[in-house]
>>> print(open('query19.cif').read())   # mmCIF, C-alpha atoms
data_data
#
loop_
_atom_site.label_atom_id
_atom_site.label_comp_id
_atom_site.auth_asym_id
_atom_site.auth_seq_id
_atom_site.Cartn_x
_atom_site.Cartn_y
_atom_site.Cartn_z
CA MET A 1 -5.31 12.17 21.96
CA ALA A 2 -5.50 11.38 18.24
CA VAL A 3 -7.67 13.44 15.90
CA PHE A 4 -8.99 11.91 12.68
CA SER A 5 -10.26 13.86 9.68
CA ASP A 6 -12.89 12.87 7.15
CA PHE A 7 -11.72 11.55 3.78
CA CYS A 8 -9.46 13.88 1.83
CA SER A 9 -9.01 13.94 -1.92
CA PRO A 10 -5.37 14.01 -3.11
CA ALA A 11 -5.61 17.78 -3.54
CA GLU A 12 -7.04 18.23 -0.03
CA ALA A 13 -4.35 15.97 1.42
CA ALA A 14 -1.74 18.21 -0.19
CA CYS A 15 -3.28 21.21 1.60
CA VAL A 16 -3.23 19.32 4.90
CA LEU A 17 0.46 18.55 4.43
CA GLU A 18 1.19 22.18 3.66
CA GLU A 19 -0.56 23.40 6.83
CA PHE A 20 1.09 20.62 8.86
CA LYS A 21 4.48 22.28 8.36
CA PHE A 22 3.49 24.89 10.94
CA PHE A 23 2.87 22.37 13.74
CA SER A 24 5.50 20.99 16.11
CA GLY A 25 5.29 17.98 18.42
CA VAL A 26 2.57 16.45 16.26
CA ASN A 27 2.75 13.58 13.78
CA LEU A 28 0.59 13.04 10.70
CA ARG A 29 -0.48 9.80 9.03
CA PHE A 30 -2.87 9.08 6.15
CA PHE A 31 -4.92 5.92 5.55
CA GLY A 32 -7.96 5.20 3.41
CA GLY A 33 -8.67 1.49 3.85
CA ASN A 34 -5.81 -0.07 1.90
CA GLU A 35 -2.36 1.03 0.79
CA ASN A 36 -3.53 1.97 -2.72
CA CYS A 37 -6.44 4.23 -1.76
CA GLU A 38 -6.43 7.73 -3.21
CA ARG A 39 -9.03 9.18 -0.85
CA ARG A 40 -7.60 8.98 2.67
CA CYS A 41 -8.25 10.20 6.18
CA ALA A 42 -5.62 12.15 8.10
CA CYS A 43 -4.67 11.40 11.69
CA PHE A 44 -2.91 13.95 13.88
CA PHE A 45 -1.26 12.55 17.00
CA ARG A 46 1.39 13.43 19.56
CA ASP A 47 5.01 12.32 19.16
CA TYR A 48 4.76 9.89 22.07
CA MET A 49 1.76 8.05 20.57
CA GLU A 50 1.74 5.08 18.21
CA ILE A 51 -1.03 5.01 15.62
CA SER A 52 -1.63 2.03 13.33
CA GLU A 53 -4.00 1.54 10.40
CA ALA A 54 -6.32 -0.41 12.73
CA ASP A 55 -6.83 2.74 14.81
CA PHE A 56 -8.49 4.64 11.98
CA PRO A 57 -12.32 4.76 12.44
CA LEU A 58 -13.04 3.22 9.04
CA ALA A 59 -15.18 0.38 7.77
CA ALA A 60 -16.12 -1.05 4.40
CA ILE A 61 -19.51 -1.75 2.87
CA GLU A 62 -19.70 -4.80 0.64
CA ILE A 63 -22.46 -4.41 -1.94
CA THR A 64 -23.52 -7.46 -3.95
CA PHE A 65 -26.15 -8.16 -6.60
CA ASN A 66 -27.41 -10.97 -8.79
CA LYS A 67 -25.59 -10.60 -12.11
CA LYS A 68 -28.17 -12.75 -13.85
CA PHE A 69 -30.91 -10.16 -13.35
CA SER A 70 -28.83 -6.97 -13.24
CA THR A 71 -27.06 -4.58 -15.57
CA GLU A 72 -23.44 -3.55 -15.16
CA MET A 73 -22.81 -0.79 -12.66
CA SER A 74 -19.99 1.74 -12.50
CA HIS A 75 -18.21 3.63 -9.75
CA ARG A 76 -20.55 6.56 -10.42
CA ASP A 77 -23.62 4.36 -9.88
CA TYR A 78 -22.43 3.15 -6.48
CA LEU A 79 -21.33 6.60 -5.35
CA GLY A 80 -24.62 8.15 -6.48
CA SER A 81 -26.67 5.63 -4.51
CA ILE A 82 -24.63 6.19 -1.35
CA LEU A 83 -24.80 9.98 -1.60
CA GLY A 84 -28.52 9.63 -2.34
CA LEU A 85 -28.94 8.42 1.25
CA GLY A 86 -27.94 11.89 2.42
CA ILE A 87 -24.29 10.96 3.00
CA ASP A 88 -21.71 13.70 2.54
CA ARG A 89 -18.91 12.87 0.09
CA SER A 90 -16.30 13.56 2.78
CA LYS A 91 -17.59 10.51 4.71
CA THR A 92 -16.85 8.16 1.82
CA GLY A 93 -13.53 6.98 0.43
CA ASP A 94 -12.52 4.86 -2.52
CA ILE A 95 -15.04 2.52 -4.16
CA LEU A 96 -13.62 -0.66 -5.68
CA VAL A 97 -15.85 -2.19 -8.35
CA PHE A 98 -15.56 -5.93 -9.00
CA ASP A 99 -17.48 -8.44 -11.10
CA GLY A 100 -20.77 -8.77 -9.23
CA SER A 101 -19.90 -6.63 -6.22
CA ALA A 102 -18.31 -3.45 -4.93
CA LEU A 103 -16.39 -2.47 -1.82
CA CYS A 104 -16.96 1.03 -0.45
CA TYR A 105 -14.71 2.50 2.25
CA VAL A 106 -16.58 4.80 4.65
CA LYS A 107 -16.29 6.36 8.08
CA LYS A 108 -17.27 3.74 10.64
CA GLU A 109 -19.88 6.03 12.21
CA ILE A 110 -22.13 5.79 9.13
CA SER A 111 -21.40 2.23 8.03
CA ASP A 112 -24.42 0.61 9.68
CA TYR A 113 -26.74 3.29 8.32
CA ILE A 114 -25.55 2.75 4.74
CA ALA A 115 -25.68 -1.04 4.96
CA SER A 116 -29.22 -0.93 6.36
CA ASN A 117 -30.62 1.57 3.88
CA ILE A 118 -29.02 1.03 0.51
CA GLU A 119 -31.39 -1.20 -1.45
CA LYS A 120 -30.74 -0.18 -5.05
CA VAL A 121 -27.83 0.89 -7.19
CA GLY A 122 -29.12 2.32 -10.42
CA ARG A 123 -32.12 0.14 -11.26
CA ASN A 124 -30.63 -2.96 -9.64
CA SER A 125 -31.59 -4.42 -6.28
CA VAL A 126 -28.58 -4.97 -4.05
CA LYS A 127 -27.62 -6.39 -0.67
CA ALA A 128 -25.11 -4.70 1.61
CA LYS A 129 -23.21 -5.56 4.76
CA VAL A 130 -20.50 -3.99 6.89
CA VAL A 131 -17.10 -5.61 6.56
CA ASP A 132 -14.18 -5.18 8.96
CA ILE A 133 -11.27 -3.77 6.98
CA SER A 134 -8.83 -6.20 8.58
CA ASP A 135 -10.86 -9.13 7.19
CA ILE A 136 -10.77 -7.95 3.58
CA GLU A 137 -8.70 -9.93 1.10
CA LEU A 138 -8.42 -7.88 -2.07
CA PRO A 139 -7.67 -9.60 -5.36
CA LYS A 140 -4.12 -9.09 -6.53
CA LEU A 141 -3.72 -6.21 -8.92
CA LYS A 142 -2.47 -7.06 -12.38
CA THR A 143 1.06 -5.73 -12.71
CA GLU A 144 4.03 -5.85 -15.02
CA GLU A 145 7.65 -4.83 -14.51
CA LYS A 146 9.36 -2.51 -16.93
CA SER A 147 13.00 -1.45 -17.04
CA PHE A 148 14.28 1.55 -18.98
CA THR A 149 16.83 4.33 -18.78
CA VAL A 150 16.40 8.04 -18.15
CA ALA A 151 18.68 11.05 -18.25
CA SER A 152 17.68 12.02 -14.70
CA LEU A 153 15.23 11.08 -11.95
CA ARG A 154 12.96 14.01 -12.72
CA ILE A 155 9.31 13.02 -12.58
CA ASP A 156 8.73 14.04 -16.20
CA ALA A 157 11.56 11.79 -17.41
CA VAL A 158 10.50 8.81 -15.30
CA ALA A 159 6.76 9.07 -16.02
CA GLY A 160 7.45 9.65 -19.69
CA GLY A 161 9.60 6.52 -19.83
CA ALA A 162 7.09 4.40 -17.94
CA PHE A 163 4.18 5.31 -20.22
CA ASN A 164 6.12 6.03 -23.43
CA ILE A 165 4.93 9.64 -23.42
CA ALA A 166 6.93 12.35 -25.20
CA ARG A 167 8.62 14.72 -22.77
CA GLY A 168 6.70 17.76 -23.98
CA LYS A 169 3.38 16.02 -23.51
CA ILE A 170 4.17 14.67 -20.05
CA GLN A 171 5.28 18.12 -18.94
CA LEU A 172 1.91 19.53 -20.03
CA LEU A 173 0.13 16.76 -18.11
CA ILE A 174 2.13 17.51 -14.97
CA GLU A 175 1.65 21.27 -15.20
CA GLY A 176 -2.04 20.63 -15.91
CA GLU A 177 -2.42 18.95 -12.49
CA LYS A 178 -3.03 15.49 -13.98
CA THR A 179 -0.06 13.82 -12.28
CA PHE A 180 0.16 12.54 -8.71
CA LEU A 181 3.20 11.61 -6.63
CA ASN A 182 2.40 9.31 -3.72
CA PHE A 183 -1.30 10.20 -4.22
CA LEU A 184 -0.67 13.94 -3.95
CA PRO A 185 -0.80 16.39 -6.88
CA GLU A 186 2.59 17.24 -8.38
CA ILE A 187 2.86 20.19 -10.78
CA SER A 188 6.65 20.51 -11.08
CA PRO A 189 8.14 18.54 -14.01
CA SER A 190 11.58 18.83 -12.37
CA LYS A 191 10.52 17.12 -9.11
CA THR A 192 13.02 14.39 -8.20
CA VAL A 193 11.62 10.92 -7.50
CA GLY A 194 13.16 7.72 -6.19
CA GLU A 195 12.69 4.14 -5.05
CA GLY A 196 9.30 3.44 -3.49
CA ASP A 197 7.56 6.44 -5.00
CA MET A 198 4.11 5.86 -6.52
CA ILE A 199 3.33 7.94 -9.60
CA SER A 200 0.05 8.15 -11.48
CA VAL A 201 -0.93 10.08 -14.58
CA ARG A 202 -4.62 10.56 -15.21
CA GLY A 203 -5.67 8.67 -18.31
CA PHE A 204 -2.50 6.55 -18.44
CA GLY A 205 -2.33 4.59 -15.17
CA ARG A 206 -0.10 4.16 -12.16
CA PHE A 207 3.32 2.74 -11.40
CA LYS A 208 5.76 2.32 -8.50
CA ILE A 209 9.51 2.77 -8.75
CA LEU A 210 10.95 -0.55 -7.63
CA SER A 211 14.64 0.16 -7.98
CA VAL A 212 17.22 2.62 -9.26
CA ASN A 213 19.86 0.37 -10.77
CA GLY A 214 22.74 2.73 -11.34
CA LYS A 215 24.22 4.29 -14.45
CA THR A 216 24.81 2.74 -17.84
CA LYS A 217 27.92 3.12 -20.01
CA LYS A 218 26.16 6.01 -21.73
CA ASP A 219 25.77 7.76 -18.35
CA ARG A 220 22.00 7.24 -18.23
CA ILE A 221 20.17 5.99 -15.14
CA SER A 222 18.63 2.53 -15.29
CA ILE A 223 15.40 2.07 -13.31
CA THR A 224 12.78 -0.64 -12.87
CA VAL A 225 9.12 0.18 -12.27
CA LEU A 226 6.03 -1.86 -11.46
CA LYS A 227 3.11 -0.83 -13.65
CA TYR A 228 -0.49 -1.52 -12.60
CA VAL A 229 -2.42 -2.67 -15.65
#
>>> encode(input="query19.cif", output="structure tokens")
Amino acid sequence: MAVFSDFCSPAEAACVLEEFKFFSGVNLRFFGGNENCERRCACFFRDYMEISEADFPLAAIEITFNKKFSTEMSHRDYLGSILGLGIDRSKTGDILVFDGSALCYVKKEISDYIASNIEKVGRNSVKAKVVDISDIELPKLKTEEKSFTVASLRIDAVAGGAFNIARGKIQLLIEGEKTFLNFLPEISPSKTVGEGDMISVRGFGRFKILSVNGKTKKDRISITVLKYV
């Protein structure tokens, strides 16, 4: 039997991972609606089971409005309207705001209720419908590749190089719990990172380490990252 949690923030997911160390014979997987979601649900399942993203009891609410007669709306506006229906924050995941619409990931059990009852976001009239997550085609994120060298694969060196942040400043950001490694809080500047790791720094953005290219003649490590802009 698989057990699914409500949505976890990155900090809550870190706590789940810490507690998970004490379990044996059980696997853990996170999913929030798409691979880039920060708020995700946890699934605990036995070693002999296979759990895919399609097994998570999640749905999405597509909210649209007439731009001609409406004002711009932010993430806070959409979240406030959903919570105003009496929905607990733990039942809602990431909210993606687009030009003229928004996509809100929620637990499937409350999706019909939200779609049927949300009529306004801010002062704007809206329409909502439940969308199957497997049918969603998200617009491609704007990205750019950047190559640079670092003295080591410490997270402070790599993040500092990606965002052109002085080492002292990036260390303060990490120790101040403003840095996330694979969507989980990371507070150690000396944490080693590698290919495939996703790193985000609050206020600066997010990037993925595409490749570690080896050492240069000056004995520095060359890496290539994909920045989301």
>>> residues_around(input="query19.cif", residues="range 183-189 of chain A", least_positions_apart="5", cutoff="12 Å", atoms="all atoms listed in the file", output="number ranges by chain")
A: 8-18, 30-32, 35-40, 152-160, 167-178, 197-202, 206-208
>>> closest_residue(input="query19.cif", among="A:Leu210, A:Lys21, A:Ala59, A:Lys68", to="Glu144 in chain A", atoms="all atoms listed in the file")
A:Leu210
>>> closest_residue(input="query19.cif", among="A:Leu96, A:Ala60, A:Ala162, A:Ala151", to="Asp112 in chain A", atoms="all atoms listed in the file")
A:Ala60
>>> atom_distance(input="query19.cif", atom1="CA of Glu19 in chain A", atom2="CA of Lys91 in chain A")
21.5 Å
>>> atom_distance(input="query19.cif", atom1="CA of Met1 in chain A", atom2="CA of Arg46 in chain A")
7.2 Å
>>> resolve_selection(input="query19.cif", expression="the PyMOL selection byres ((chain A and resi 221) around 8)", output="list of chain:residue names")
A:Thr149, A:Val150, A:Ala151, A:Ser152, A:Leu153, A:Val212, A:Asn213, A:Gly214, A:Lys215, A:Thr216, A:Asp219, A:Arg220, A:Ser222, A:Ile223
>>> residues_around(input="query19.cif", residues="range 133-136 of chain A", least_positions_apart="3", cutoff="12 Å", atoms="all atoms listed in the file", output="ChimeraX atom specification")
/A:31-35,52-62,103-108,111,130,139
>>> write_last_selection(input="query19.cif", atoms="C-alpha atoms", output="PDB file, in the coordinates of the input")
ATOM      1  CA  PHE A  31      -4.920   5.920   5.550  1.00  0.00           C
ATOM      2  CA  GLY A  32      -7.960   5.200   3.410  1.00  0.00           C
ATOM      3  CA  GLY A  33      -8.670   1.490   3.850  1.00  0.00           C
ATOM      4  CA  ASN A  34      -5.810  -0.070   1.900  1.00  0.00           C
ATOM      5  CA  GLU A  35      -2.360   1.030   0.790  1.00  0.00           C
ATOM      6  CA  SER A  52      -1.630   2.030  13.330  1.00  0.00           C
ATOM      7  CA  GLU A  53      -4.000   1.540  10.400  1.00  0.00           C
ATOM      8  CA  ALA A  54      -6.320  -0.410  12.730  1.00  0.00           C
ATOM      9  CA  ASP A  55      -6.830   2.740  14.810  1.00  0.00           C
ATOM     10  CA  PHE A  56      -8.490   4.640  11.980  1.00  0.00           C
ATOM     11  CA  PRO A  57     -12.320   4.760  12.440  1.00  0.00           C
ATOM     12  CA  LEU A  58     -13.040   3.220   9.040  1.00  0.00           C
ATOM     13  CA  ALA A  59     -15.180   0.380   7.770  1.00  0.00           C
ATOM     14  CA  ALA A  60     -16.120  -1.050   4.400  1.00  0.00           C
ATOM     15  CA  ILE A  61     -19.510  -1.750   2.870  1.00  0.00           C
ATOM     16  CA  GLU A  62     -19.700  -4.800   0.640  1.00  0.00           C
ATOM     17  CA  LEU A 103     -16.390  -2.470  -1.820  1.00  0.00           C
ATOM     18  CA  CYS A 104     -16.960   1.030  -0.450  1.00  0.00           C
ATOM     19  CA  TYR A 105     -14.710   2.500   2.250  1.00  0.00           C
ATOM     20  CA  VAL A 106     -16.580   4.800   4.650  1.00  0.00           C
ATOM     21  CA  LYS A 107     -16.290   6.360   8.080  1.00  0.00           C
ATOM     22  CA  LYS A 108     -17.270   3.740  10.640  1.00  0.00           C
ATOM     23  CA  SER A 111     -21.400   2.230   8.030  1.00  0.00           C
ATOM     24  CA  VAL A 130     -20.500  -3.990   6.890  1.00  0.00           C
ATOM     25  CA  PRO A 139      -7.670  -9.600  -5.360  1.00  0.00           C
TER      26      PRO A 139
END
